[in-house]
>>> print(open('structure.txt').read())   # compact mmCIF, C-alpha atoms
# COMPACT_ATOMS: atom_id res chain seq x y z
CA MET S 1219 6.89 33.51 -11.26
CA LYS S 1220 9.01 30.77 -9.75
CA LYS S 1221 7.02 27.71 -8.70
CA PRO S 1222 7.02 26.93 -4.98
CA VAL S 1223 9.01 23.77 -4.22
CA VAL S 1224 9.18 21.74 -1.01
CA GLU S 1225 12.21 19.47 -0.77
CA LEU S 1226 12.74 16.49 1.54
CA LYS S 1227 15.81 14.35 2.11
CA LEU S 1228 14.94 10.95 3.58
CA PRO S 1229 17.47 8.51 5.03
CA ILE S 1230 16.96 4.83 4.21
CA ILE S 1231 15.26 3.89 7.48
CA PRO S 1232 12.06 1.82 7.78
CA ASN S 1233 8.85 3.86 7.57
CA MET S 1234 10.60 7.15 6.64
CA GLU S 1235 8.17 7.27 3.71
CA LEU S 1236 5.52 8.38 6.22
CA ILE S 1237 7.35 11.70 6.63
CA ALA S 1238 6.78 12.29 2.93
CA THR S 1239 3.09 11.42 3.22
CA GLN S 1240 2.65 13.92 6.06
CA THR S 1241 4.27 16.61 3.94
CA ALA S 1242 2.03 15.66 1.02
CA GLU S 1243 -1.05 16.02 3.21
CA VAL S 1244 -0.08 19.57 4.21
CA ILE S 1245 0.58 20.53 0.59
CA SER S 1246 -2.66 18.89 -0.57
CA ARG S 1247 -4.64 20.94 1.95
CA HIS S 1248 -2.84 24.10 0.80
CA MET S 1249 -3.84 23.28 -2.80
CA ASN S 1250 -7.44 22.42 -1.85
CA LEU S 1251 -7.13 18.88 -3.19
CA THR S 1252 -9.86 16.44 -2.13
CA ASP S 1253 -9.27 13.88 0.60
CA ASP S 1254 -9.31 11.14 -2.05
CA GLN S 1255 -6.69 12.94 -4.14
CA SER S 1256 -4.56 13.50 -1.05
CA SER S 1257 -4.75 9.82 -0.10
CA GLU S 1258 -3.88 8.74 -3.64
CA ILE S 1259 -0.83 11.00 -3.64
CA SER S 1260 0.29 9.61 -0.27
CA MET S 1261 -0.09 6.03 -1.47
CA ALA S 1262 1.86 6.74 -4.68
CA ILE S 1263 4.64 8.40 -2.68
CA ILE S 1264 4.85 5.42 -0.32
CA GLU S 1265 5.28 3.05 -3.25
CA ALA S 1266 7.85 5.25 -4.99
CA CYS S 1267 9.84 5.56 -1.75
CA ILE S 1268 9.72 1.82 -1.09
CA ASN S 1269 10.97 1.15 -4.61
CA ALA S 1270 13.77 3.67 -4.09
CA PHE S 1271 14.66 2.20 -0.70
CA GLU S 1272 14.55 -1.44 -1.76
CA HIS S 1273 15.52 -1.62 -5.39
CA SER S 1274 17.99 1.16 -5.90
CA LYS S 1275 20.64 -0.40 -3.64
CA VAL S 1276 21.27 3.15 -2.53
CA GLU S 1277 22.92 3.56 0.86
CA ASN S 1278 22.49 7.25 1.50
CA ASN S 1279 19.29 9.23 0.92
CA VAL S 1280 16.19 9.54 -1.21
CA PHE S 1281 15.15 13.04 -2.26
CA ILE S 1282 11.57 14.13 -2.76
CA HIS S 1283 10.58 17.37 -4.48
CA PHE S 1284 7.01 18.68 -4.32
CA ILE S 1285 6.50 21.27 -7.07
CA ILE S 1286 3.33 23.32 -6.64
CA GLU S 1287 1.97 24.33 -10.03
CA GLU S 1288 -1.14 26.32 -10.84
CA ALA S 1289 -3.14 23.32 -12.03
CA SER S 1290 -1.25 20.38 -10.59
CA LEU S 1291 1.08 19.01 -7.98
CA VAL S 1292 4.24 17.44 -9.36
CA ILE S 1293 6.24 15.08 -7.14
CA LYS S 1294 9.73 13.83 -7.97
CA VAL S 1295 11.19 10.90 -6.04
CA ILE S 1296 14.92 10.78 -6.74
CA ASP S 1297 17.47 8.17 -5.75
CA GLN S 1298 21.11 7.71 -6.67
CA GLY S 1299 20.96 3.94 -6.94
CA ILE S 1300 21.78 1.57 -9.75
CA GLY S 1301 18.65 2.28 -11.78
CA PHE S 1302 16.23 -0.15 -13.42
CA ASP S 1303 14.81 -0.97 -16.83
CA LYS S 1304 11.05 -0.40 -16.79
CA THR S 1305 10.60 -2.62 -19.84
CA ASN S 1306 11.68 -5.56 -17.67
CA VAL S 1307 8.89 -4.89 -15.16
CA GLU S 1308 5.84 -7.05 -15.83
CA ILE S 1309 2.33 -5.82 -15.06
CA PRO S 1310 1.32 -7.89 -12.03
CA LYS S 1311 -1.86 -9.95 -12.02
CA ILE S 1312 -3.18 -11.58 -8.89
CA GLU S 1313 -4.36 -14.57 -10.94
CA ASN S 1314 -0.72 -15.33 -11.67
CA LYS S 1315 0.30 -14.98 -8.03
CA ILE S 1316 -2.34 -16.98 -6.13
CA GLY S 1317 -1.63 -20.68 -5.99
CA THR S 1318 1.66 -20.38 -7.83
CA ASN S 1319 5.29 -19.94 -6.90
CA GLU S 1320 5.33 -16.39 -8.30
CA ARG S 1321 6.33 -13.84 -5.68
CA LYS S 1322 3.37 -11.97 -4.27
CA ARG S 1323 5.10 -8.57 -4.33
CA GLY S 1324 5.93 -6.27 -7.24
CA TRP S 1325 2.87 -3.97 -7.27
CA GLY S 1326 4.54 -0.60 -6.74
CA LEU S 1327 4.71 0.74 -10.31
CA GLN S 1328 1.22 -0.49 -11.10
CA LEU S 1329 -0.23 1.31 -8.07
CA ILE S 1330 1.63 4.53 -8.85
CA GLN S 1331 0.33 4.52 -12.43
CA GLU S 1332 -3.24 3.83 -11.36
CA LEU S 1333 -3.32 6.45 -8.62
CA MET S 1334 -1.64 9.40 -10.35
CA ASP S 1335 -2.67 11.35 -13.46
CA SER S 1336 0.71 10.93 -15.13
CA VAL S 1337 3.96 9.16 -14.29
CA GLU S 1338 7.38 9.29 -15.93
CA PHE S 1339 10.47 7.25 -15.13
CA GLU S 1340 14.02 8.30 -15.91
CA SER S 1341 16.62 5.76 -14.91
CA ASN S 1342 20.27 5.08 -15.59
CA GLU S 1343 23.37 3.86 -13.73
CA GLN S 1344 23.46 7.10 -11.75
CA GLY S 1345 19.97 6.75 -10.33
CA THR S 1346 16.26 6.96 -10.90
CA THR S 1347 13.77 9.82 -10.91
CA VAL S 1348 10.05 9.07 -10.75
CA THR S 1349 7.98 12.12 -11.72
CA MET S 1350 4.32 11.88 -10.73
CA LYS S 1351 1.61 14.44 -11.37
CA LYS S 1352 -1.82 14.94 -9.82
CA ASN S 1353 -4.07 17.45 -11.57
CA ILE S 1354 -6.14 19.72 -9.36
CA ASN S 1355 -9.32 19.76 -11.41
CA LYS S 1356 -9.73 16.08 -12.10
CA MET M 1185 1.36 -9.39 20.39
CA SER M 1186 2.38 -6.67 17.92
CA SER M 1187 1.06 -3.16 18.63
CA PHE M 1188 -0.40 -3.29 15.10
CA ILE M 1189 -2.95 -5.80 16.39
CA ALA M 1190 -5.47 -3.95 18.57
CA SER M 1191 -7.58 -7.00 19.39
CA VAL M 1192 -8.46 -10.54 18.38
CA LYS M 1193 -11.88 -11.98 19.15
CA GLU M 1194 -14.18 -14.74 17.95
CA ASN M 1195 -17.82 -14.43 16.90
CA ASN M 1196 -19.82 -17.28 15.37
CA PHE M 1197 -16.64 -19.27 14.60
CA ILE M 1198 -15.14 -16.27 12.78
CA ILE M 1199 -11.85 -14.84 14.04
CA ILE M 1200 -12.03 -11.02 14.00
CA ILE M 1201 -8.72 -9.18 13.97
CA GLU M 1202 -8.72 -5.44 14.64
CA THR M 1203 -5.69 -3.61 13.27
CA ASN M 1204 -4.20 -0.31 14.31
CA GLY M 1205 -1.89 1.82 12.14
CA TYR M 1206 0.21 1.40 9.02
CA LEU M 1207 -0.17 -1.94 7.20
CA ASN M 1208 3.42 -2.49 6.12
CA ASN M 1209 5.57 -5.64 6.18
CA THR M 1210 5.58 -5.91 9.97
CA GLY M 1211 1.84 -5.28 10.15
CA GLY M 1212 1.21 -7.93 7.51
CA ASP M 1213 3.45 -10.39 9.34
CA ALA M 1214 1.54 -9.72 12.57
CA ILE M 1215 -1.76 -10.60 10.89
CA ALA M 1216 -0.23 -13.69 9.25
CA GLU M 1217 1.13 -14.92 12.58
CA ILE M 1218 -2.34 -14.82 14.13
CA VAL M 1219 -4.03 -16.40 11.10
CA ASN M 1220 -1.49 -19.22 10.94
CA LYS M 1221 -1.87 -19.93 14.64
CA LYS M 1222 -5.66 -19.96 14.40
CA ILE M 1223 -5.60 -22.18 11.29
CA ASP M 1224 -3.53 -24.67 13.28
CA GLN M 1225 -6.30 -24.58 15.92
CA GLY M 1226 -8.89 -25.42 13.25
CA HIS M 1227 -10.27 -21.99 12.34
CA LYS M 1228 -11.00 -21.19 8.69
CA LYS M 1229 -12.87 -17.87 8.60
CA PHE M 1230 -11.13 -14.58 9.28
CA LEU M 1231 -12.38 -11.00 9.30
CA ILE M 1232 -10.16 -7.93 9.58
CA ASN M 1233 -11.48 -4.68 11.05
CA MET M 1234 -9.34 -2.02 9.35
CA GLY M 1235 -11.08 1.04 10.80
CA ASN M 1236 -7.86 2.28 12.38
CA THR M 1237 -5.65 1.45 9.39
CA LYS M 1238 -5.88 4.47 7.11
CA ILE M 1239 -2.72 3.78 5.18
CA VAL M 1240 -1.15 0.66 3.69
CA ASN M 1241 1.72 -0.28 1.42
CA SER M 1242 1.93 -2.95 -1.25
CA ILE M 1243 4.27 -5.13 0.81
CA GLY M 1244 1.76 -5.35 3.65
CA VAL M 1245 -1.07 -6.04 1.22
CA SER M 1246 1.03 -8.70 -0.52
CA ILE M 1247 1.15 -10.55 2.79
CA LEU M 1248 -2.66 -10.55 2.73
CA ILE M 1249 -2.38 -12.27 -0.67
CA GLU M 1250 -0.21 -14.94 1.00
CA ILE M 1251 -2.87 -15.31 3.70
CA ILE M 1252 -5.61 -15.70 1.07
CA GLU M 1253 -3.52 -18.40 -0.61
CA LYS M 1254 -3.03 -20.20 2.69
CA LEU M 1255 -6.77 -20.01 3.43
CA GLN M 1256 -7.60 -21.43 0.01
CA SER M 1257 -5.57 -24.51 0.92
CA VAL M 1258 -7.82 -25.15 3.93
CA ASP M 1259 -11.07 -24.09 2.21
CA GLY M 1260 -11.19 -20.97 4.35
CA SER M 1261 -12.09 -17.35 3.69
CA LEU M 1262 -10.98 -13.81 4.44
CA GLY M 1263 -13.07 -10.66 4.75
CA TYR M 1264 -12.56 -7.02 5.76
CA TYR M 1265 -14.68 -4.14 6.95
CA ASN M 1266 -14.27 -0.47 7.89
CA LEU M 1267 -11.94 0.15 4.94
CA ALA M 1268 -10.74 3.68 4.19
CA PRO M 1269 -11.43 4.64 0.55
CA ILE M 1270 -7.73 4.50 -0.42
CA VAL M 1271 -7.36 1.05 1.18
CA SER M 1272 -10.43 -0.16 -0.70
CA LYS M 1273 -9.05 1.28 -3.95
CA THR M 1274 -5.67 -0.37 -3.36
CA PHE M 1275 -7.34 -3.74 -2.75
CA ASN M 1276 -9.26 -3.32 -6.00
CA ILE M 1277 -6.17 -2.39 -8.03
CA MET M 1278 -4.25 -5.37 -6.64
CA GLY M 1279 -7.19 -7.70 -7.20
CA LEU M 1280 -7.74 -8.82 -3.61
CA THR M 1281 -11.48 -8.33 -3.98
CA LYS M 1282 -11.54 -11.24 -6.45
CA TYR M 1283 -10.40 -13.64 -3.75
CA SER M 1284 -11.67 -12.07 -0.53
CA THR M 1285 -14.65 -9.91 0.46
CA VAL M 1286 -15.09 -6.34 1.64
CA PHE M 1287 -18.11 -5.99 3.94
CA GLU M 1288 -19.89 -2.83 5.02
CA SER M 1289 -20.04 -3.83 8.67
CA GLU M 1290 -19.09 -6.53 11.14
CA GLU M 1291 -22.73 -7.56 11.43
CA LEU M 1292 -23.12 -8.08 7.67
CA ALA M 1293 -19.85 -9.99 7.56
CA ILE M 1294 -20.87 -12.31 10.38
CA ASN M 1295 -24.17 -13.01 8.63
CA GLU M 1296 -22.68 -13.61 5.20
CA MET M 1297 -19.39 -15.40 5.86
>>> encode(input="structure.txt", output="structure tokens")
Amino acid sequence: MKKPVVELKLPIIPNMELIATQTAEVISRHMNLTDDQSSEISMAIIEACINAFEHSKVENNVFIHFIIEEASLVIKVIDQGIGFDKTNVEIPKIENKIGTNERKRGWGLQLIQELMDSVEFESNEQGTTVTMKKNINK
Amino acid sequence: MSSFIASVKENNFIIIIETNGYLNNTGGDAIAEIVNKKIDQGHKKFLINMGNTKIVNSIGVSILIEIIEKLQSVDGSLGYYNLAPIVSKTFNIMGLTKYSTVFESEELAINEM
């Protein structure tokens, strides 16, 4: 049977990521996910959208696909920006940021990886797809 | 004052800031503006009531890190209460709880800060 998919197209406008979190909440309720799981999904989506908005240099839209599977919810955040090399992204540590000149931002990937059950990044000059999965029975 | 700031009050020399809504870059800047102004007036202890902030992003929370850094320079402190579980988890992941304190209530915060 074909998996149900919900698709969103978000323009690059401040706070548009909240539309995606509202959609995620509806889907989470449909899948009987816990409130904590739903909140973690929303937070991960916010961070993936912000990364897409800010770092992809994309000027048109970001696409979000919610794929409802039997045992998990898979979310793809897709942009058509310039891409990035994940190996160049350092794991942030607050100890290195407080009292130093290091920029305080740069937490998005770390948060996504901590909050979701699995995360994959595919990126090249044509864009980036972040695929995040939350398992139902975790 | 930004609509993100619901109220600002003082109790026992602690400035208590009540927030309302999404803690993003503008929300973080609104808190920072108040903290900076109050530091200039001699205040050093700040408490944020986040009961009406159920969602945050890392940019807004990064501004809290800047505030913590600023408070360290004046021997001040920052605390929070009424945190939603996801906000508390985010603060833990980002390490804010190493440099600031989450309290269970305003009363406990006032007593312990």
>>> atom_distance(input="structure.txt", atom1="CA of Val1258 (chain M)", atom2="CA of Ala1216 (chain M)")
14.7 Å
>>> residues_around(input="structure.txt", residues="region 1306-1322 of chain S", least_positions_apart="3", cutoff="7 Å", atoms="only C-alpha atoms", output="NGL selection string")
(:S and (1303 or 1325 or 1328)) or (:M and (1246 or 1249 or 1253 or 1278-1279))
>>> residues_around(input="structure.txt", residues="Ser1256 (chain S)", least_positions_apart="2", cutoff="12 Å", atoms="only C-alpha atoms", output="ChimeraX atom specification")
/S:1239-1254,1258-1263,1291,1333-1334,1352-1354 /M:1239,1269-1270
>>> closest_atom_pairs(input="structure.txt", of="chain M", to="chain S", cutoff="12 Å", atoms="only C-alpha atoms", output="JSON lines")
{"residue": "M:Gly1205", "atom": "CA", "partner": "S:Leu1236", "partner_atom": "CA", "distance": 11.5}
{"residue": "M:Tyr1206", "atom": "CA", "partner": "S:Asn1233", "partner_atom": "CA", "distance": 9.1}
{"residue": "M:Leu1207", "atom": "CA", "partner": "S:Asn1233", "partner_atom": "CA", "distance": 10.7}
{"residue": "M:Asn1208", "atom": "CA", "partner": "S:Asn1233", "partner_atom": "CA", "distance": 8.5}
{"residue": "M:Asn1209", "atom": "CA", "partner": "S:Pro1232", "partner_atom": "CA", "distance": 10.0}
{"residue": "M:Thr1210", "atom": "CA", "partner": "S:Pro1232", "partner_atom": "CA", "distance": 10.3}
{"residue": "M:Gly1211", "atom": "CA", "partner": "S:Asn1233", "partner_atom": "CA", "distance": 11.8}
{"residue": "M:Lys1238", "atom": "CA", "partner": "S:Ser1257", "partner_atom": "CA", "distance": 9.0}
{"residue": "M:Ile1239", "atom": "CA", "partner": "S:Met1261", "partner_atom": "CA", "distance": 7.5}
{"residue": "M:Val1240", "atom": "CA", "partner": "S:Met1261", "partner_atom": "CA", "distance": 7.5}
{"residue": "M:Asn1241", "atom": "CA", "partner": "S:Ile1264", "partner_atom": "CA", "distance": 6.7}
{"residue": "M:Ser1242", "atom": "CA", "partner": "S:Trp1325", "partner_atom": "CA", "distance": 6.2}
{"residue": "M:Ile1243", "atom": "CA", "partner": "S:Arg1323", "partner_atom": "CA", "distance": 6.2}
{"residue": "M:Gly1244", "atom": "CA", "partner": "S:Arg1323", "partner_atom": "CA", "distance": 9.2}
{"residue": "M:Val1245", "atom": "CA", "partner": "S:Arg1323", "partner_atom": "CA", "distance": 8.7}
{"residue": "M:Ser1246", "atom": "CA", "partner": "S:Lys1322", "partner_atom": "CA", "distance": 5.5}
{"residue": "M:Ile1247", "atom": "CA", "partner": "S:Lys1322", "partner_atom": "CA", "distance": 7.5}
{"residue": "M:Leu1248", "atom": "CA", "partner": "S:Lys1322", "partner_atom": "CA", "distance": 9.3}
{"residue": "M:Ile1249", "atom": "CA", "partner": "S:Lys1322", "partner_atom": "CA", "distance": 6.8}
{"residue": "M:Glu1250", "atom": "CA", "partner": "S:Lys1322", "partner_atom": "CA", "distance": 7.0}
{"residue": "M:Ile1251", "atom": "CA", "partner": "S:Ile1316", "partner_atom": "CA", "distance": 10.0}
{"residue": "M:Ile1252", "atom": "CA", "partner": "S:Ile1316", "partner_atom": "CA", "distance": 8.0}
{"residue": "M:Glu1253", "atom": "CA", "partner": "S:Ile1316", "partner_atom": "CA", "distance": 5.8}
{"residue": "M:Lys1254", "atom": "CA", "partner": "S:Gly1317", "partner_atom": "CA", "distance": 8.8}
{"residue": "M:Leu1255", "atom": "CA", "partner": "S:Gly1317", "partner_atom": "CA", "distance": 10.8}
{"residue": "M:Gln1256", "atom": "CA", "partner": "S:Gly1317", "partner_atom": "CA", "distance": 8.5}
{"residue": "M:Ser1257", "atom": "CA", "partner": "S:Gly1317", "partner_atom": "CA", "distance": 8.8}
{"residue": "M:Ala1268", "atom": "CA", "partner": "S:Ser1257", "partner_atom": "CA", "distance": 9.6}
{"residue": "M:Pro1269", "atom": "CA", "partner": "S:Asp1254", "partner_atom": "CA", "distance": 7.3}
{"residue": "M:Ile1270", "atom": "CA", "partner": "S:Ser1257", "partner_atom": "CA", "distance": 6.1}
{"residue": "M:Val1271", "atom": "CA", "partner": "S:Met1261", "partner_atom": "CA", "distance": 9.2}
{"residue": "M:Ser1272", "atom": "CA", "partner": "S:Glu1258", "partner_atom": "CA", "distance": 11.4}
{"residue": "M:Lys1273", "atom": "CA", "partner": "S:Leu1333", "partner_atom": "CA", "distance": 9.0}
{"residue": "M:Thr1274", "atom": "CA", "partner": "S:Leu1329", "partner_atom": "CA", "distance": 7.4}
{"residue": "M:Phe1275", "atom": "CA", "partner": "S:Leu1329", "partner_atom": "CA", "distance": 10.2}
{"residue": "M:Asn1276", "atom": "CA", "partner": "S:Leu1329", "partner_atom": "CA", "distance": 10.4}
{"residue": "M:Ile1277", "atom": "CA", "partner": "S:Leu1329", "partner_atom": "CA", "distance": 7.0}
{"residue": "M:Met1278", "atom": "CA", "partner": "S:Ile1312", "partner_atom": "CA", "distance": 6.7}
{"residue": "M:Gly1279", "atom": "CA", "partner": "S:Ile1312", "partner_atom": "CA", "distance": 5.8}
{"residue": "M:Leu1280", "atom": "CA", "partner": "S:Ile1312", "partner_atom": "CA", "distance": 7.5}
{"residue": "M:Thr1281", "atom": "CA", "partner": "S:Ile1312", "partner_atom": "CA", "distance": 10.2}
{"residue": "M:Lys1282", "atom": "CA", "partner": "S:Ile1312", "partner_atom": "CA", "distance": 8.7}
{"residue": "M:Tyr1283", "atom": "CA", "partner": "S:Ile1316", "partner_atom": "CA", "distance": 9.0}
{"residue": "M:Ser1284", "atom": "CA", "partner": "S:Ile1312", "partner_atom": "CA", "distance": 11.9}
>>> atom_distance(input="structure.txt", atom1="CA of Ile1232 (chain M)", atom2="CA of Ile1201 (chain M)")
4.8 Å
>>> atom_distance(input="structure.txt", atom1="CA of Ser1186 (chain M)", atom2="CA of Ala1214 (chain M)")
6.2 Å
>>> residues_around(input="structure.txt", residues="His1283 (chain S)", least_positions_apart="5", cutoff="6 Å", atoms="only C-alpha atoms", output="NGL selection string")
:S and (1224-1225 or 1293-1294)
>>> decode(input="structure.txt", residues="region 1199-1216 of chain M", atoms="N, CA and C atoms", output="PDB file, in the first residue's frame")
ATOM      1  N   ILE M1199      15.104  40.801  38.844  1.00  0.00           N
ATOM      2  CA  ILE M1199      14.234  41.235  37.753  1.00  0.00           C
ATOM      3  C   ILE M1199      13.584  39.989  37.146  1.00  0.00           C
ATOM      4  N   ILE M1200      12.253  39.972  37.118  1.00  0.00           N
ATOM      5  CA  ILE M1200      11.515  38.814  36.604  1.00  0.00           C
ATOM      6  C   ILE M1200      10.848  39.214  35.291  1.00  0.00           C
ATOM      7  N   ILE M1201      11.243  38.502  34.239  1.00  0.00           N
ATOM      8  CA  ILE M1201      10.734  38.796  32.891  1.00  0.00           C
ATOM      9  C   ILE M1201       9.807  37.665  32.472  1.00  0.00           C
ATOM     10  N   GLU M1202       8.573  38.001  32.168  1.00  0.00           N
ATOM     11  CA  GLU M1202       7.616  36.987  31.707  1.00  0.00           C
ATOM     12  C   GLU M1202       7.516  37.064  30.194  1.00  0.00           C
ATOM     13  N   THR M1203       7.751  35.932  29.529  1.00  0.00           N
ATOM     14  CA  THR M1203       7.719  35.925  28.066  1.00  0.00           C
ATOM     15  C   THR M1203       6.398  35.342  27.551  1.00  0.00           C
ATOM     16  N   ASN M1204       6.143  35.595  26.279  1.00  0.00           N
ATOM     17  CA  ASN M1204       4.888  35.158  25.700  1.00  0.00           C
ATOM     18  C   ASN M1204       5.094  34.797  24.227  1.00  0.00           C
ATOM     19  N   GLY M1205       5.108  33.505  23.906  1.00  0.00           N
ATOM     20  CA  GLY M1205       5.206  33.089  22.504  1.00  0.00           C
ATOM     21  C   GLY M1205       6.557  32.491  22.145  1.00  0.00           C
ATOM     22  N   TYR M1206       6.834  32.506  20.866  1.00  0.00           N
ATOM     23  CA  TYR M1206       7.971  31.832  20.245  1.00  0.00           C
ATOM     24  C   TYR M1206       9.279  32.555  20.575  1.00  0.00           C
ATOM     25  N   LEU M1207      10.215  31.861  21.224  1.00  0.00           N
ATOM     26  CA  LEU M1207      11.537  32.452  21.475  1.00  0.00           C
ATOM     27  C   LEU M1207      12.411  32.247  20.241  1.00  0.00           C
ATOM     28  N   ASN M1208      12.377  33.254  19.380  1.00  0.00           N
ATOM     29  CA  ASN M1208      13.223  33.239  18.180  1.00  0.00           C
ATOM     30  C   ASN M1208      14.215  34.402  18.295  1.00  0.00           C
ATOM     31  N   ASN M1209      14.770  34.849  17.190  1.00  0.00           N
ATOM     32  CA  ASN M1209      15.761  35.932  17.275  1.00  0.00           C
ATOM     33  C   ASN M1209      15.164  37.221  17.836  1.00  0.00           C
ATOM     34  N   THR M1210      13.945  37.559  17.421  1.00  0.00           N
ATOM     35  CA  THR M1210      13.360  38.813  17.917  1.00  0.00           C
ATOM     36  C   THR M1210      12.978  38.682  19.399  1.00  0.00           C
ATOM     37  N   GLY M1211      12.516  37.506  19.787  1.00  0.00           N
ATOM     38  CA  GLY M1211      12.207  37.279  21.199  1.00  0.00           C
ATOM     39  C   GLY M1211      13.463  37.366  22.058  1.00  0.00           C
ATOM     40  N   GLY M1212      14.533  36.741  21.577  1.00  0.00           N
ATOM     41  CA  GLY M1212      15.805  36.798  22.298  1.00  0.00           C
ATOM     42  C   GLY M1212      16.310  38.223  22.414  1.00  0.00           C
ATOM     43  N   ASP M1213      16.206  38.977  21.316  1.00  0.00           N
ATOM     44  CA  ASP M1213      16.651  40.376  21.345  1.00  0.00           C
ATOM     45  C   ASP M1213      15.823  41.199  22.333  1.00  0.00           C
ATOM     46  N   ALA M1214      14.541  40.875  22.429  1.00  0.00           N
ATOM     47  CA  ALA M1214      13.668  41.623  23.356  1.00  0.00           C
ATOM     48  C   ALA M1214      14.098  41.380  24.806  1.00  0.00           C
ATOM     49  N   ILE M1215      14.446  40.126  25.117  1.00  0.00           N
ATOM     50  CA  ILE M1215      14.940  39.833  26.474  1.00  0.00           C
ATOM     51  C   ILE M1215      16.268  40.554  26.707  1.00  0.00           C
ATOM     52  N   ALA M1216      17.160  40.470  25.731  1.00  0.00           N
ATOM     53  CA  ALA M1216      18.497  41.073  25.872  1.00  0.00           C
ATOM     54  C   ALA M1216      18.404  42.582  26.082  1.00  0.00           C
TER      55      ALA M1216
END
